[in-house]
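The file target.tsv contains TSV, N, CA and C atoms and all ligand atoms:
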```
chain	number	residue	atom	x	y	z
A	1	MET	N	-3.64	15.35	1.18
A	1	MET	CA	-4.16	14.10	1.74
A	1	MET	C	-3.38	12.94	1.13
A	2	LEU	N	-3.02	11.98	1.97
A	2	LEU	CA	-2.23	10.84	1.52
A	2	LEU	C	-3.11	9.78	0.87
A	3	CYS	N	-2.49	8.99	0.01
A	3	CYS	CA	-3.16	7.87	-0.64
A	3	CYS	C	-3.64	6.89	0.43
A	4	ALA	N	-4.90	6.48	0.33
A	4	ALA	CA	-5.49	5.57	1.33
A	4	ALA	C	-4.90	4.17	1.26
A	5	ILE	N	-4.19	3.84	0.19
A	5	ILE	CA	-3.61	2.51	0.05
A	5	ILE	C	-2.14	2.49	0.42
A	6	CYS	N	-1.34	3.33	-0.22
A	6	CYS	CA	0.11	3.21	-0.04
A	6	CYS	C	0.71	4.32	0.82
A	7	GLY	N	-0.04	5.35	1.11
A	7	GLY	CA	0.48	6.42	1.95
A	7	GLY	C	1.31	7.46	1.22
A	8	ARG	N	1.45	7.29	-0.09
A	8	ARG	CA	2.16	8.31	-0.85
A	8	ARG	C	1.23	9.52	-1.02
A	9	GLU	N	1.76	10.57	-1.57
A	9	GLU	CA	0.95	11.78	-1.75
A	9	GLU	C	-0.22	11.50	-2.69
A	10	GLY	N	-1.43	11.83	-2.25
A	10	GLY	CA	-2.62	11.60	-3.05
A	10	GLY	C	-2.70	12.60	-4.19
A	11	ARG	N	-3.29	12.17	-5.29
A	11	ARG	CA	-3.44	13.05	-6.45
A	11	ARG	C	-4.91	13.13	-6.82
A	12	ALA	N	-5.21	13.20	-8.06
A	12	ALA	CA	-6.57	13.47	-8.51
A	12	ALA	C	-7.53	12.29	-8.43
A	13	PHE	N	-7.09	11.15	-7.93
A	13	PHE	CA	-7.94	9.98	-7.85
A	13	PHE	C	-8.61	9.93	-6.48
A	14	CYS	N	-9.91	9.68	-6.46
A	14	CYS	CA	-10.59	9.67	-5.17
A	14	CYS	C	-11.80	8.75	-5.19
A	15	TRP	N	-12.35	8.54	-4.00
A	15	TRP	CA	-13.56	7.75	-3.81
A	15	TRP	C	-14.39	8.44	-2.74
A	16	VAL	N	-15.69	8.57	-2.98
A	16	VAL	CA	-16.60	9.18	-2.02
A	16	VAL	C	-17.73	8.19	-1.79
A	17	SER	N	-18.03	7.93	-0.52
A	17	SER	CA	-19.10	6.98	-0.21
A	17	SER	C	-20.43	7.54	-0.70
A	18	PRO	N	-21.36	6.66	-1.06
A	18	PRO	CA	-22.67	7.13	-1.52
A	18	PRO	C	-23.41	7.84	-0.39
A	19	PRO	N	-24.24	8.83	-0.74
A	19	PRO	CA	-24.98	9.55	0.31
A	19	PRO	C	-26.04	8.66	0.95
A	20	ARG	N	-26.08	8.68	2.29
A	20	ARG	CA	-27.08	7.94	3.06
A	20	ARG	C	-27.54	8.83	4.20
A	21	THR	N	-28.79	8.82	4.45
A	21	THR	CA	-29.35	9.66	5.51
A	21	THR	C	-28.78	9.24	6.87
A	22	GLY	N	-28.27	10.22	7.61
A	22	GLY	CA	-27.79	9.97	8.95
A	22	GLY	C	-26.39	9.38	9.03
A	23	ILE	N	-25.74	9.13	7.89
A	23	ILE	CA	-24.39	8.56	7.89
A	23	ILE	C	-23.43	9.55	7.23
A	24	LYS	N	-22.37	9.87	7.93
A	24	LYS	CA	-21.38	10.80	7.41
A	24	LYS	C	-20.70	10.18	6.18
A	25	ARG	N	-20.57	10.97	5.11
A	25	ARG	CA	-19.93	10.47	3.90
A	25	ARG	C	-18.43	10.36	4.11
A	26	ARG	N	-17.82	9.32	3.54
A	26	ARG	CA	-16.38	9.11	3.64
A	26	ARG	C	-15.72	9.50	2.32
A	27	PHE	N	-14.49	10.01	2.43
A	27	PHE	CA	-13.75	10.45	1.26
A	27	PHE	C	-12.34	9.86	1.33
A	28	LYS	N	-11.90	9.27	0.27
A	28	LYS	CA	-10.54	8.71	0.20
A	28	LYS	C	-9.84	9.26	-1.03
A	29	ARG	N	-8.55	9.53	-0.89
A	29	ARG	CA	-7.76	10.01	-2.03
A	29	ARG	C	-6.70	8.96	-2.34
A	30	PHE	N	-6.29	8.89	-3.62
A	30	PHE	CA	-5.31	7.90	-4.07
A	30	PHE	C	-4.25	8.56	-4.93
A	31	CYS	N	-3.09	7.92	-4.97
A	31	CYS	CA	-1.97	8.45	-5.76
A	31	CYS	C	-2.09	8.04	-7.22
A	32	SER	N	-2.83	6.97	-7.48
A	32	SER	CA	-2.87	6.43	-8.84
A	32	SER	C	-4.15	5.63	-9.04
A	33	MET	N	-4.40	5.33	-10.30
A	33	MET	CA	-5.56	4.49	-10.64
A	33	MET	C	-5.39	3.10	-10.04
A	34	ARG	N	-4.14	2.62	-9.98
A	34	ARG	CA	-3.89	1.29	-9.42
A	34	ARG	C	-4.33	1.22	-7.96
A	35	CYS	N	-3.95	2.23	-7.17
A	35	CYS	CA	-4.33	2.22	-5.76
A	35	CYS	C	-5.84	2.39	-5.61
A	36	GLN	N	-6.44	3.20	-6.46
A	36	GLN	CA	-7.89	3.37	-6.42
A	36	GLN	C	-8.59	2.05	-6.72
A	37	THR	N	-8.06	1.32	-7.68
A	37	THR	CA	-8.63	0.02	-8.04
A	37	THR	C	-8.48	-0.98	-6.89
A	38	LEU	N	-7.31	-0.97	-6.26
A	38	LEU	CA	-7.10	-1.87	-5.12
A	38	LEU	C	-8.08	-1.55	-3.99
A	39	TYR	N	-8.31	-0.28	-3.74
A	39	TYR	CA	-9.24	0.12	-2.69
A	39	TYR	C	-10.65	-0.39	-3.00
A	40	ALA	N	-11.08	-0.20	-4.25
A	40	ALA	CA	-12.42	-0.64	-4.64
A	40	ALA	C	-12.55	-2.15	-4.50
A	41	LYS	N	-11.51	-2.86	-4.87
A	41	LYS	CA	-11.53	-4.33	-4.77
A	41	LYS	C	-11.60	-4.76	-3.30
A	42	ARG	N	-10.79	-4.14	-2.44
A	42	ARG	CA	-10.80	-4.47	-1.02
A	42	ARG	C	-12.15	-4.12	-0.39
A	43	LEU	N	-12.70	-3.01	-0.81
A	43	LEU	CA	-13.99	-2.59	-0.27
A	43	LEU	C	-15.08	-3.59	-0.63
A	44	ARG	N	-15.08	-4.04	-1.89
A	44	ARG	CA	-16.07	-5.04	-2.33
A	44	ARG	C	-15.87	-6.35	-1.58
A	45	ALA	N	-14.61	-6.77	-1.44
A	45	ALA	CA	-14.31	-8.04	-0.77
A	45	ALA	C	-14.73	-8.02	0.70
A	46	GLY	N	-14.69	-6.85	1.32
A	46	GLY	CA	-15.05	-6.74	2.73
A	46	GLY	C	-16.49	-6.34	2.94
A	47	GLY	N	-17.30	-6.38	1.90
A	47	GLY	CA	-18.70	-6.01	2.03
A	47	GLY	C	-18.88	-4.54	2.37
A	48	GLY	N	-17.96	-3.72	1.92
A	48	GLY	CA	-18.05	-2.28	2.16
A	48	GLY	C	-17.28	-1.81	3.37
A	49	VAL	N	-16.62	-2.75	4.06
A	49	VAL	CA	-15.85	-2.40	5.25
A	49	VAL	C	-14.41	-2.91	5.07
A	50	MET	N	-13.44	-2.05	5.33
A	50	MET	CA	-12.04	-2.46	5.24
A	50	MET	C	-11.67	-3.15	6.54
A	51	ILE	N	-11.22	-4.40	6.43
A	51	ILE	CA	-10.83	-5.13	7.65
A	51	ILE	C	-9.45	-5.75	7.49
A	52	ASP	N	-9.32	-7.02	7.74
A	52	ASP	CA	-8.04	-7.71	7.73
A	52	ASP	C	-7.41	-7.71	6.34
A	53	PRO	N	-6.09	-7.92	6.27
A	53	PRO	CA	-5.43	-7.99	4.96
A	53	PRO	C	-6.04	-9.09	4.10
A	54	THR	N	-6.11	-8.84	2.82
A	54	THR	CA	-6.61	-9.85	1.89
A	54	THR	C	-5.54	-10.89	1.64
A	55	ARG	N	-5.91	-11.95	0.94
A	55	ARG	CA	-4.94	-13.00	0.58
A	55	ARG	C	-3.80	-12.40	-0.24
A	56	ASN	N	-4.12	-11.50	-1.19
A	56	ASN	CA	-3.08	-10.87	-2.00
A	56	ASN	C	-2.17	-9.98	-1.15
A	57	GLU	N	-2.74	-9.29	-0.20
A	57	GLU	CA	-1.91	-8.44	0.67
A	57	GLU	C	-0.97	-9.28	1.52
A	58	LYS	N	-1.48	-10.39	2.02
A	58	LYS	CA	-0.61	-11.29	2.80
A	58	LYS	C	0.50	-11.85	1.92
A	59	SER	N	0.15	-12.19	0.69
A	59	SER	CA	1.14	-12.70	-0.25
A	59	SER	C	2.19	-11.62	-0.56
A	60	ALA	N	1.73	-10.38	-0.72
A	60	ALA	CA	2.65	-9.27	-0.98
A	60	ALA	C	3.59	-9.05	0.20
A	61	MET	N	3.08	-9.24	1.41
A	61	MET	CA	3.94	-9.11	2.60
A	61	MET	C	5.04	-10.17	2.56
A	62	GLU	N	4.66	-11.39	2.20
A	62	GLU	CA	5.66	-12.47	2.10
A	62	GLU	C	6.69	-12.16	1.03
A	63	ALA	N	6.23	-11.57	-0.07
A	63	ALA	CA	7.13	-11.28	-1.19
A	63	ALA	C	8.17	-10.22	-0.83
A	64	VAL	N	7.92	-9.43	0.19
A	64	VAL	CA	8.87	-8.40	0.62
A	64	VAL	C	10.12	-9.01	1.24
A	65	LEU	N	9.96	-10.17	1.87
A	65	LEU	CA	11.05	-10.73	2.69
A	65	LEU	C	12.38	-10.90	1.96
A	66	PRO	N	12.42	-11.47	0.74
A	66	PRO	CA	13.72	-11.58	0.07
A	66	PRO	C	14.37	-10.22	-0.19
A	67	HIS	N	13.56	-9.22	-0.53
A	67	HIS	CA	14.09	-7.88	-0.79
A	67	HIS	C	14.64	-7.26	0.51
A	68	LEU	N	13.90	-7.46	1.58
A	68	LEU	CA	14.35	-6.94	2.87
A	68	LEU	C	15.63	-7.64	3.31
A	69	GLY	N	15.68	-8.95	3.14
A	69	GLY	CA	16.88	-9.70	3.51
A	69	GLY	C	18.09	-9.26	2.70
A	70	GLU	N	17.87	-9.04	1.40
A	70	GLU	CA	18.97	-8.59	0.54
A	70	GLU	C	19.47	-7.22	0.99
A	71	TYR	N	18.55	-6.35	1.34
A	71	TYR	CA	18.96	-5.01	1.77
A	71	TYR	C	19.72	-5.07	3.09
A	72	VAL	N	19.19	-5.83	4.03
A	72	VAL	CA	19.86	-5.95	5.34
A	72	VAL	C	21.27	-6.54	5.16
A	73	ALA	N	21.39	-7.51	4.27
A	73	ALA	CA	22.71	-8.10	4.01
A	73	ALA	C	23.66	-7.07	3.41
A	74	SER	N	23.12	-6.17	2.58
A	74	SER	CA	23.97	-5.15	1.96
A	74	SER	C	24.45	-4.12	2.99
A	75	VAL	N	23.64	-3.89	4.01
A	75	VAL	CA	24.04	-2.94	5.07
A	75	VAL	C	25.02	-3.62	6.03
A	76	GLY	N	24.79	-4.90	6.26
A	76	GLY	CA	25.66	-5.65	7.18
A	76	GLY	C	24.81	-6.46	8.14
A	77	MET	N	24.91	-7.77	8.05
A	77	MET	CA	24.07	-8.65	8.86
A	77	MET	C	24.32	-8.48	10.36
A	78	ASP	N	25.51	-8.07	10.74
A	78	ASP	CA	25.83	-7.93	12.16
A	78	ASP	C	25.49	-6.55	12.72
A	79	LYS	N	25.05	-5.65	11.85
A	79	LYS	CA	24.75	-4.29	12.30
A	79	LYS	C	23.33	-4.25	12.87
A	80	PRO	N	23.16	-3.88	14.16
A	80	PRO	CA	21.82	-3.82	14.73
A	80	PRO	C	21.02	-2.65	14.13
A	81	LEU	N	19.73	-2.81	14.11
A	81	LEU	CA	18.86	-1.77	13.54
A	81	LEU	C	19.06	-0.43	14.24
A	82	SER	N	19.35	-0.47	15.52
A	82	SER	CA	19.56	0.78	16.27
A	82	SER	C	20.81	1.53	15.82
A	83	ALA	N	21.70	0.85	15.08
A	83	ALA	CA	22.92	1.50	14.60
A	83	ALA	C	22.78	2.00	13.16
A	84	TYR	N	21.62	1.75	12.54
A	84	TYR	CA	21.40	2.21	11.17
A	84	TYR	C	21.37	3.73	11.14
A	85	ARG	N	21.95	4.31	10.08
A	85	ARG	CA	21.84	5.76	9.89
A	85	ARG	C	20.43	6.04	9.34
A	86	ARG	N	20.02	7.29	9.48
A	86	ARG	CA	18.70	7.71	9.00
A	86	ARG	C	18.50	7.33	7.53
A	87	GLU	N	19.52	7.56	6.72
A	87	GLU	CA	19.44	7.26	5.28
A	87	GLU	C	19.25	5.76	5.04
A	88	GLU	N	19.88	4.96	5.88
A	88	GLU	CA	19.73	3.51	5.73
A	88	GLU	C	18.32	3.05	6.09
A	89	ILE	N	17.75	3.66	7.12
A	89	ILE	CA	16.37	3.33	7.50
A	89	ILE	C	15.41	3.75	6.39
A	90	LEU	N	15.61	4.96	5.88
A	90	LEU	CA	14.71	5.43	4.81
A	90	LEU	C	14.82	4.55	3.57
A	91	GLN	N	16.03	4.12	3.26
A	91	GLN	CA	16.22	3.24	2.11
A	91	GLN	C	15.54	1.89	2.36
A	92	MET	N	15.62	1.39	3.58
A	92	MET	CA	14.97	0.13	3.92
A	92	MET	C	13.44	0.25	3.77
A	93	VAL	N	12.90	1.36	4.24
A	93	VAL	CA	11.45	1.59	4.10
A	93	VAL	C	11.08	1.62	2.62
A	94	ASP	N	11.89	2.28	1.82
A	94	ASP	CA	11.62	2.34	0.38
A	94	ASP	C	11.67	0.95	-0.25
A	95	VAL	N	12.65	0.15	0.13
A	95	VAL	CA	12.78	-1.22	-0.40
A	95	VAL	C	11.52	-2.02	-0.06
A	96	VAL	N	11.07	-1.93	1.18
A	96	VAL	CA	9.91	-2.70	1.63
A	96	VAL	C	8.64	-2.23	0.91
A	97	LEU	N	8.42	-0.92	0.89
A	97	LEU	CA	7.19	-0.41	0.27
A	97	LEU	C	7.15	-0.68	-1.23
A	98	THR	N	8.27	-0.48	-1.89
A	98	THR	CA	8.32	-0.72	-3.33
A	98	THR	C	8.04	-2.19	-3.64
A	99	ALA	N	8.68	-3.09	-2.91
A	99	ALA	CA	8.47	-4.53	-3.15
A	99	ALA	C	7.03	-4.91	-2.85
A	100	TYR	N	6.49	-4.38	-1.76
A	100	TYR	CA	5.11	-4.71	-1.38
A	100	TYR	C	4.12	-4.27	-2.46
A	101	PHE	N	4.20	-3.03	-2.86
A	101	PHE	CA	3.20	-2.53	-3.81
A	101	PHE	C	3.43	-3.05	-5.22
A	102	ASP	N	4.68	-3.28	-5.60
A	102	ASP	CA	4.93	-3.90	-6.91
A	102	ASP	C	4.30	-5.28	-6.95
A	103	ASN	N	4.47	-6.05	-5.89
A	103	ASN	CA	3.90	-7.39	-5.85
A	103	ASN	C	2.38	-7.35	-5.82
A	104	LEU	N	1.84	-6.45	-5.04
A	104	LEU	CA	0.38	-6.34	-4.94
A	104	LEU	C	-0.22	-5.97	-6.30
A	105	ARG	N	0.44	-5.10	-7.00
A	105	ARG	CA	-0.06	-4.71	-8.33
A	105	ARG	C	0.05	-5.85	-9.33
A	106	GLU	N	1.11	-6.66	-9.21
A	106	GLU	CA	1.26	-7.81	-10.10
A	106	GLU	C	0.18	-8.86	-9.83
A	107	LEU	N	-0.29	-8.95	-8.60
A	107	LEU	CA	-1.31	-9.94	-8.24
A	107	LEU	C	-2.70	-9.54	-8.70
A	108	THR	N	-2.88	-8.27	-9.02
A	108	THR	CA	-4.20	-7.80	-9.43
A	108	THR	C	-4.13	-7.07	-10.76
A	109	PRO	N	-3.61	-7.74	-11.81
A	109	PRO	CA	-3.50	-7.07	-13.11
A	109	PRO	C	-4.86	-6.87	-13.77
A	110	GLY	N	-4.98	-5.79	-14.47
A	110	GLY	CA	-6.16	-5.56	-15.29
A	110	GLY	C	-7.43	-5.23	-14.55
A	111	ASP	N	-7.37	-5.04	-13.25
A	111	ASP	CA	-8.57	-4.69	-12.49
A	111	ASP	C	-8.80	-3.17	-12.58
A	112	VAL	N	-9.66	-2.77	-13.44
A	112	VAL	CA	-10.00	-1.36	-13.58
A	112	VAL	C	-11.49	-1.24	-13.35
A	113	PRO	N	-11.91	-0.50	-12.30
A	113	PRO	CA	-13.31	-0.49	-11.92
A	113	PRO	C	-14.23	0.30	-12.86
A	114	PHE	N	-13.69	1.11	-13.73
A	114	PHE	CA	-14.57	1.95	-14.56
A	114	PHE	C	-14.53	1.53	-16.01
A	201	ZN	ZN	-1.17	4.91	-3.68
```
For the file at hand, write its structure as structure tokens.
Ligand SMILES: [Zn+2]
Amino acid sequence: MLCAICGREGRAFCWVSPPRTGIKRRFKRFCSMRCQTLYAKRLRAGGGVMIDPTRNEKSAMEAVLPHLGEYVASVGMDKPLSAYRREEILQMVDVVLTAYFDNLRELTPGDVPF
């Protein structure tokens, strides 16, 4: 099962919704304590429902742009995305995801739910 936050391979971290009569229990797996903490924070902020991106998530999306621009420039500004090799696309995805989650983690330091 993939991490409910970043989509990486889930490990021993998880969350299970509290038992309620007539409501199916939900189960989420996470790759790390950091992602588990982010999930708990988002869940609390949304009143128990995951909805639109939070302010920190929007900020993390903005923070990706310089990294993405730098990568695209390194590949070649005139090269269309359709001409990218598979390895270049995968590297671009890695650049974006790493920058996004690094920034998101920096915005929520020290948040440990337990
Ligand atoms: Zn994760």
Practice problem: Could you give me, as a list of chain:residue names, the residues within 6.5 Å of Ser17 in chain A, counting all atoms listed in the file and dropping anything in the same chain fewer than 6 positions from it? | Solution: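 What passes the distance filter is A:Arg25, A:Arg26, A:Phe27, A:Lys28.
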Quiz item: What residues have any atom no more than 5 Å from ligand ZN 201 (chain A) when counting all atoms listed in the file, and can you list them as a list in words?
Solution: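 Using all atoms listed in the file, I find these residues within 5 Å of ligand ZN 201 (chain A): Cys3, Ile5, Cys6, Gly7, Phe30, Cys31, Ser32 and Cys35 of chain A.
Atom N of Arg29 in chain A is found 5.6 Å from atom C of Phe13 in chain A.
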Quiz item: If you count only C-alpha atoms, which residues fall within 12 Å of range 69-79 of chain A, apart from same-chain ones fewer than 4 positions away, as number ranges by chain?
Solution: A: 62-65, 83-85, 87-96, 99
Could you turn the residues from that selection into a file that holds N, CA and C atoms, as a PDB file, in the frame of the given file?
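Result file again-v4.pdb:
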```pdb
ATOM      1  N   GLU A  62       4.660 -11.390   2.200  1.00  0.00           N
ATOM      2  CA  GLU A  62       5.660 -12.470   2.100  1.00  0.00           C
ATOM      3  C   GLU A  62       6.690 -12.160   1.030  1.00  0.00           C
ATOM      4  N   ALA A  63       6.230 -11.570  -0.070  1.00  0.00           N
ATOM      5  CA  ALA A  63       7.130 -11.280  -1.190  1.00  0.00           C
ATOM      6  C   ALA A  63       8.170 -10.220  -0.830  1.00  0.00           C
ATOM      7  N   VAL A  64       7.920  -9.430   0.190  1.00  0.00           N
ATOM      8  CA  VAL A  64       8.870  -8.400   0.620  1.00  0.00           C
ATOM      9  C   VAL A  64      10.120  -9.010   1.240  1.00  0.00           C
ATOM     10  N   LEU A  65       9.960 -10.170   1.870  1.00  0.00           N
ATOM     11  CA  LEU A  65      11.050 -10.730   2.690  1.00  0.00           C
ATOM     12  C   LEU A  65      12.380 -10.900   1.960  1.00  0.00           C
ATOM     13  N   ALA A  83      21.700   0.850  15.080  1.00  0.00           N
ATOM     14  CA  ALA A  83      22.920   1.500  14.600  1.00  0.00           C
ATOM     15  C   ALA A  83      22.780   2.000  13.160  1.00  0.00           C
ATOM     16  N   TYR A  84      21.620   1.750  12.540  1.00  0.00           N
ATOM     17  CA  TYR A  84      21.400   2.210  11.170  1.00  0.00           C
ATOM     18  C   TYR A  84      21.370   3.730  11.140  1.00  0.00           C
ATOM     19  N   ARG A  85      21.950   4.310  10.080  1.00  0.00           N
ATOM     20  CA  ARG A  85      21.840   5.760   9.890  1.00  0.00           C
ATOM     21  C   ARG A  85      20.430   6.040   9.340  1.00  0.00           C
ATOM     22  N   GLU A  87      19.520   7.560   6.720  1.00  0.00           N
ATOM     23  CA  GLU A  87      19.440   7.260   5.280  1.00  0.00           C
ATOM     24  C   GLU A  87      19.250   5.760   5.040  1.00  0.00           C
ATOM     25  N   GLU A  88      19.880   4.960   5.880  1.00  0.00           N
ATOM     26  CA  GLU A  88      19.730   3.510   5.730  1.00  0.00           C
ATOM     27  C   GLU A  88      18.320   3.050   6.090  1.00  0.00           C
ATOM     28  N   ILE A  89      17.750   3.660   7.120  1.00  0.00           N
ATOM     29  CA  ILE A  89      16.370   3.330   7.500  1.00  0.00           C
ATOM     30  C   ILE A  89      15.410   3.750   6.390  1.00  0.00           C
ATOM     31  N   LEU A  90      15.610   4.960   5.880  1.00  0.00           N
ATOM     32  CA  LEU A  90      14.710   5.430   4.810  1.00  0.00           C
ATOM     33  C   LEU A  90      14.820   4.550   3.570  1.00  0.00           C
ATOM     34  N   GLN A  91      16.030   4.120   3.260  1.00  0.00           N
ATOM     35  CA  GLN A  91      16.220   3.240   2.110  1.00  0.00           C
ATOM     36  C   GLN A  91      15.540   1.890   2.360  1.00  0.00           C
ATOM     37  N   MET A  92      15.620   1.390   3.580  1.00  0.00           N
ATOM     38  CA  MET A  92      14.970   0.130   3.920  1.00  0.00           C
ATOM     39  C   MET A  92      13.440   0.250   3.770  1.00  0.00           C
ATOM     40  N   VAL A  93      12.900   1.360   4.240  1.00  0.00           N
ATOM     41  CA  VAL A  93      11.450   1.590   4.100  1.00  0.00           C
ATOM     42  C   VAL A  93      11.080   1.620   2.620  1.00  0.00           C
ATOM     43  N   ASP A  94      11.890   2.280   1.820  1.00  0.00           N
ATOM     44  CA  ASP A  94      11.620   2.340   0.380  1.00  0.00           C
ATOM     45  C   ASP A  94      11.670   0.950  -0.250  1.00  0.00           C
ATOM     46  N   VAL A  95      12.650   0.150   0.130  1.00  0.00           N
ATOM     47  CA  VAL A  95      12.780  -1.220  -0.400  1.00  0.00           C
ATOM     48  C   VAL A  95      11.520  -2.020  -0.060  1.00  0.00           C
ATOM     49  N   VAL A  96      11.070  -1.930   1.180  1.00  0.00           N
ATOM     50  CA  VAL A  96       9.910  -2.700   1.630  1.00  0.00           C
ATOM     51  C   VAL A  96       8.640  -2.230   0.910  1.00  0.00           C
ATOM     52  N   ALA A  99       8.680  -3.090  -2.910  1.00  0.00           N
ATOM     53  CA  ALA A  99       8.470  -4.530  -3.150  1.00  0.00           C
ATOM     54  C   ALA A  99       7.030  -4.910  -2.850  1.00  0.00           C
TER      55      ALA A  99
END
```
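Interatomic distance, atom C of His67 in chain A against CA of Leu38 in chain A: 23.1 Å.
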Exercise. Could you please determine the separation between CA of Thr54 in chain A and CA of Cys14 in chain A in Å, to one decimal place?
Key: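 Those two atoms sit 21.1 Å apart.
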So which residues of chain A fall under strand (DSSP E or B) by DSSP, listed as a PDB file with N, CA and C atoms, in the frame of the given file?
```pdb
ATOM      1  N   LEU A   2      -3.020  11.980   1.970  1.00  0.00           N
ATOM      2  CA  LEU A   2      -2.230  10.840   1.520  1.00  0.00           C
ATOM      3  C   LEU A   2      -3.110   9.780   0.870  1.00  0.00           C
ATOM      4  N   GLU A   9       1.760  10.570  -1.570  1.00  0.00           N
ATOM      5  CA  GLU A   9       0.950  11.780  -1.750  1.00  0.00           C
ATOM      6  C   GLU A   9      -0.220  11.500  -2.690  1.00  0.00           C
ATOM      7  N   PHE A  13      -7.090  11.150  -7.930  1.00  0.00           N
ATOM      8  CA  PHE A  13      -7.940   9.980  -7.850  1.00  0.00           C
ATOM      9  C   PHE A  13      -8.610   9.930  -6.480  1.00  0.00           C
ATOM     10  N   CYS A  14      -9.910   9.680  -6.460  1.00  0.00           N
ATOM     11  CA  CYS A  14     -10.590   9.670  -5.170  1.00  0.00           C
ATOM     12  C   CYS A  14     -11.800   8.750  -5.190  1.00  0.00           C
ATOM     13  N   TRP A  15     -12.350   8.540  -4.000  1.00  0.00           N
ATOM     14  CA  TRP A  15     -13.560   7.750  -3.810  1.00  0.00           C
ATOM     15  C   TRP A  15     -14.390   8.440  -2.740  1.00  0.00           C
ATOM     16  N   VAL A  16     -15.690   8.570  -2.980  1.00  0.00           N
ATOM     17  CA  VAL A  16     -16.600   9.180  -2.020  1.00  0.00           C
ATOM     18  C   VAL A  16     -17.730   8.190  -1.790  1.00  0.00           C
ATOM     19  N   ARG A  20     -26.080   8.680   2.290  1.00  0.00           N
ATOM     20  CA  ARG A  20     -27.080   7.940   3.060  1.00  0.00           C
ATOM     21  C   ARG A  20     -27.540   8.830   4.200  1.00  0.00           C
ATOM     22  N   ILE A  23     -25.740   9.130   7.890  1.00  0.00           N
ATOM     23  CA  ILE A  23     -24.390   8.560   7.890  1.00  0.00           C
ATOM     24  C   ILE A  23     -23.430   9.550   7.230  1.00  0.00           C
ATOM     25  N   PHE A  27     -14.490  10.010   2.430  1.00  0.00           N
ATOM     26  CA  PHE A  27     -13.750  10.450   1.260  1.00  0.00           C
ATOM     27  C   PHE A  27     -12.340   9.860   1.330  1.00  0.00           C
ATOM     28  N   LYS A  28     -11.900   9.270   0.270  1.00  0.00           N
ATOM     29  CA  LYS A  28     -10.540   8.710   0.200  1.00  0.00           C
ATOM     30  C   LYS A  28      -9.840   9.260  -1.030  1.00  0.00           C
ATOM     31  N   ARG A  29      -8.550   9.530  -0.890  1.00  0.00           N
ATOM     32  CA  ARG A  29      -7.760  10.010  -2.030  1.00  0.00           C
ATOM     33  C   ARG A  29      -6.700   8.960  -2.340  1.00  0.00           C
ATOM     34  N   PHE A  30      -6.290   8.890  -3.620  1.00  0.00           N
ATOM     35  CA  PHE A  30      -5.310   7.900  -4.070  1.00  0.00           C
ATOM     36  C   PHE A  30      -4.250   8.560  -4.930  1.00  0.00           C
TER      37      PHE A  30
END
```
Exercise. Would you mind telling me which residue in A:Pro80, A:Arg34, A:Lys24, A:Leu43 lies nearest to Arg105 in chain A when using all atoms listed in the file?
Key: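 Residue with the minimum atom-to-atom distance to Arg105 in chain A: A:Arg34.
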Exercise. Enumerate, as number ranges by chain, the complete set of residues in chain A that a backbone-based DSSP assignment places in alpha helix (DSSP H).
Key: A: 33-45, 55-75, 86-107
Quiz prompt | Residue nearest Arg8 in chain A - candidates A:Asn103, A:Asn56, A:Thr98, A:Thr108, atoms counted: only C-alpha atoms | solution =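 For Arg8 in chain A, the nearest of the candidates is A:Thr98.
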Which residues come within 12 Å of Pro53 in chain A, counting only C-alpha atoms, excluding same-chain residues fewer than 5 positions away, as a PDB file with N, CA and C atoms, in the coordinates of the input?
```
ATOM      1  N   ILE A   5      -4.190   3.840   0.190  1.00  0.00           N
ATOM      2  CA  ILE A   5      -3.610   2.510   0.050  1.00  0.00           C
ATOM      3  C   ILE A   5      -2.140   2.490   0.420  1.00  0.00           C
ATOM      4  N   LEU A  38      -7.310  -0.970  -6.260  1.00  0.00           N
ATOM      5  CA  LEU A  38      -7.100  -1.870  -5.120  1.00  0.00           C
ATOM      6  C   LEU A  38      -8.080  -1.550  -3.990  1.00  0.00           C
ATOM      7  N   TYR A  39      -8.310  -0.280  -3.740  1.00  0.00           N
ATOM      8  CA  TYR A  39      -9.240   0.120  -2.690  1.00  0.00           C
ATOM      9  C   TYR A  39     -10.650  -0.390  -3.000  1.00  0.00           C
ATOM     10  N   ARG A  42     -10.790  -4.140  -2.440  1.00  0.00           N
ATOM     11  CA  ARG A  42     -10.800  -4.470  -1.020  1.00  0.00           C
ATOM     12  C   ARG A  42     -12.150  -4.120  -0.390  1.00  0.00           C
ATOM     13  N   LEU A  43     -12.700  -3.010  -0.810  1.00  0.00           N
ATOM     14  CA  LEU A  43     -13.990  -2.590  -0.270  1.00  0.00           C
ATOM     15  C   LEU A  43     -15.080  -3.590  -0.630  1.00  0.00           C
ATOM     16  N   ALA A  45     -14.610  -6.770  -1.440  1.00  0.00           N
ATOM     17  CA  ALA A  45     -14.310  -8.040  -0.770  1.00  0.00           C
ATOM     18  C   ALA A  45     -14.730  -8.020   0.700  1.00  0.00           C
ATOM     19  N   GLY A  46     -14.690  -6.850   1.320  1.00  0.00           N
ATOM     20  CA  GLY A  46     -15.050  -6.740   2.730  1.00  0.00           C
ATOM     21  C   GLY A  46     -16.490  -6.340   2.940  1.00  0.00           C
ATOM     22  N   LYS A  58      -1.480 -10.390   2.020  1.00  0.00           N
ATOM     23  CA  LYS A  58      -0.610 -11.290   2.800  1.00  0.00           C
ATOM     24  C   LYS A  58       0.500 -11.850   1.920  1.00  0.00           C
ATOM     25  N   SER A  59       0.150 -12.190   0.690  1.00  0.00           N
ATOM     26  CA  SER A  59       1.140 -12.700  -0.250  1.00  0.00           C
ATOM     27  C   SER A  59       2.190 -11.620  -0.560  1.00  0.00           C
ATOM     28  N   ALA A  60       1.730 -10.380  -0.720  1.00  0.00           N
ATOM     29  CA  ALA A  60       2.650  -9.270  -0.980  1.00  0.00           C
ATOM     30  C   ALA A  60       3.590  -9.050   0.200  1.00  0.00           C
ATOM     31  N   MET A  61       3.080  -9.240   1.410  1.00  0.00           N
ATOM     32  CA  MET A  61       3.940  -9.110   2.600  1.00  0.00           C
ATOM     33  C   MET A  61       5.040 -10.170   2.560  1.00  0.00           C
ATOM     34  N   LEU A 104       1.840  -6.450  -5.040  1.00  0.00           N
ATOM     35  CA  LEU A 104       0.380  -6.340  -4.940  1.00  0.00           C
ATOM     36  C   LEU A 104      -0.220  -5.970  -6.300  1.00  0.00           C
TER      37      LEU A 104
END
```
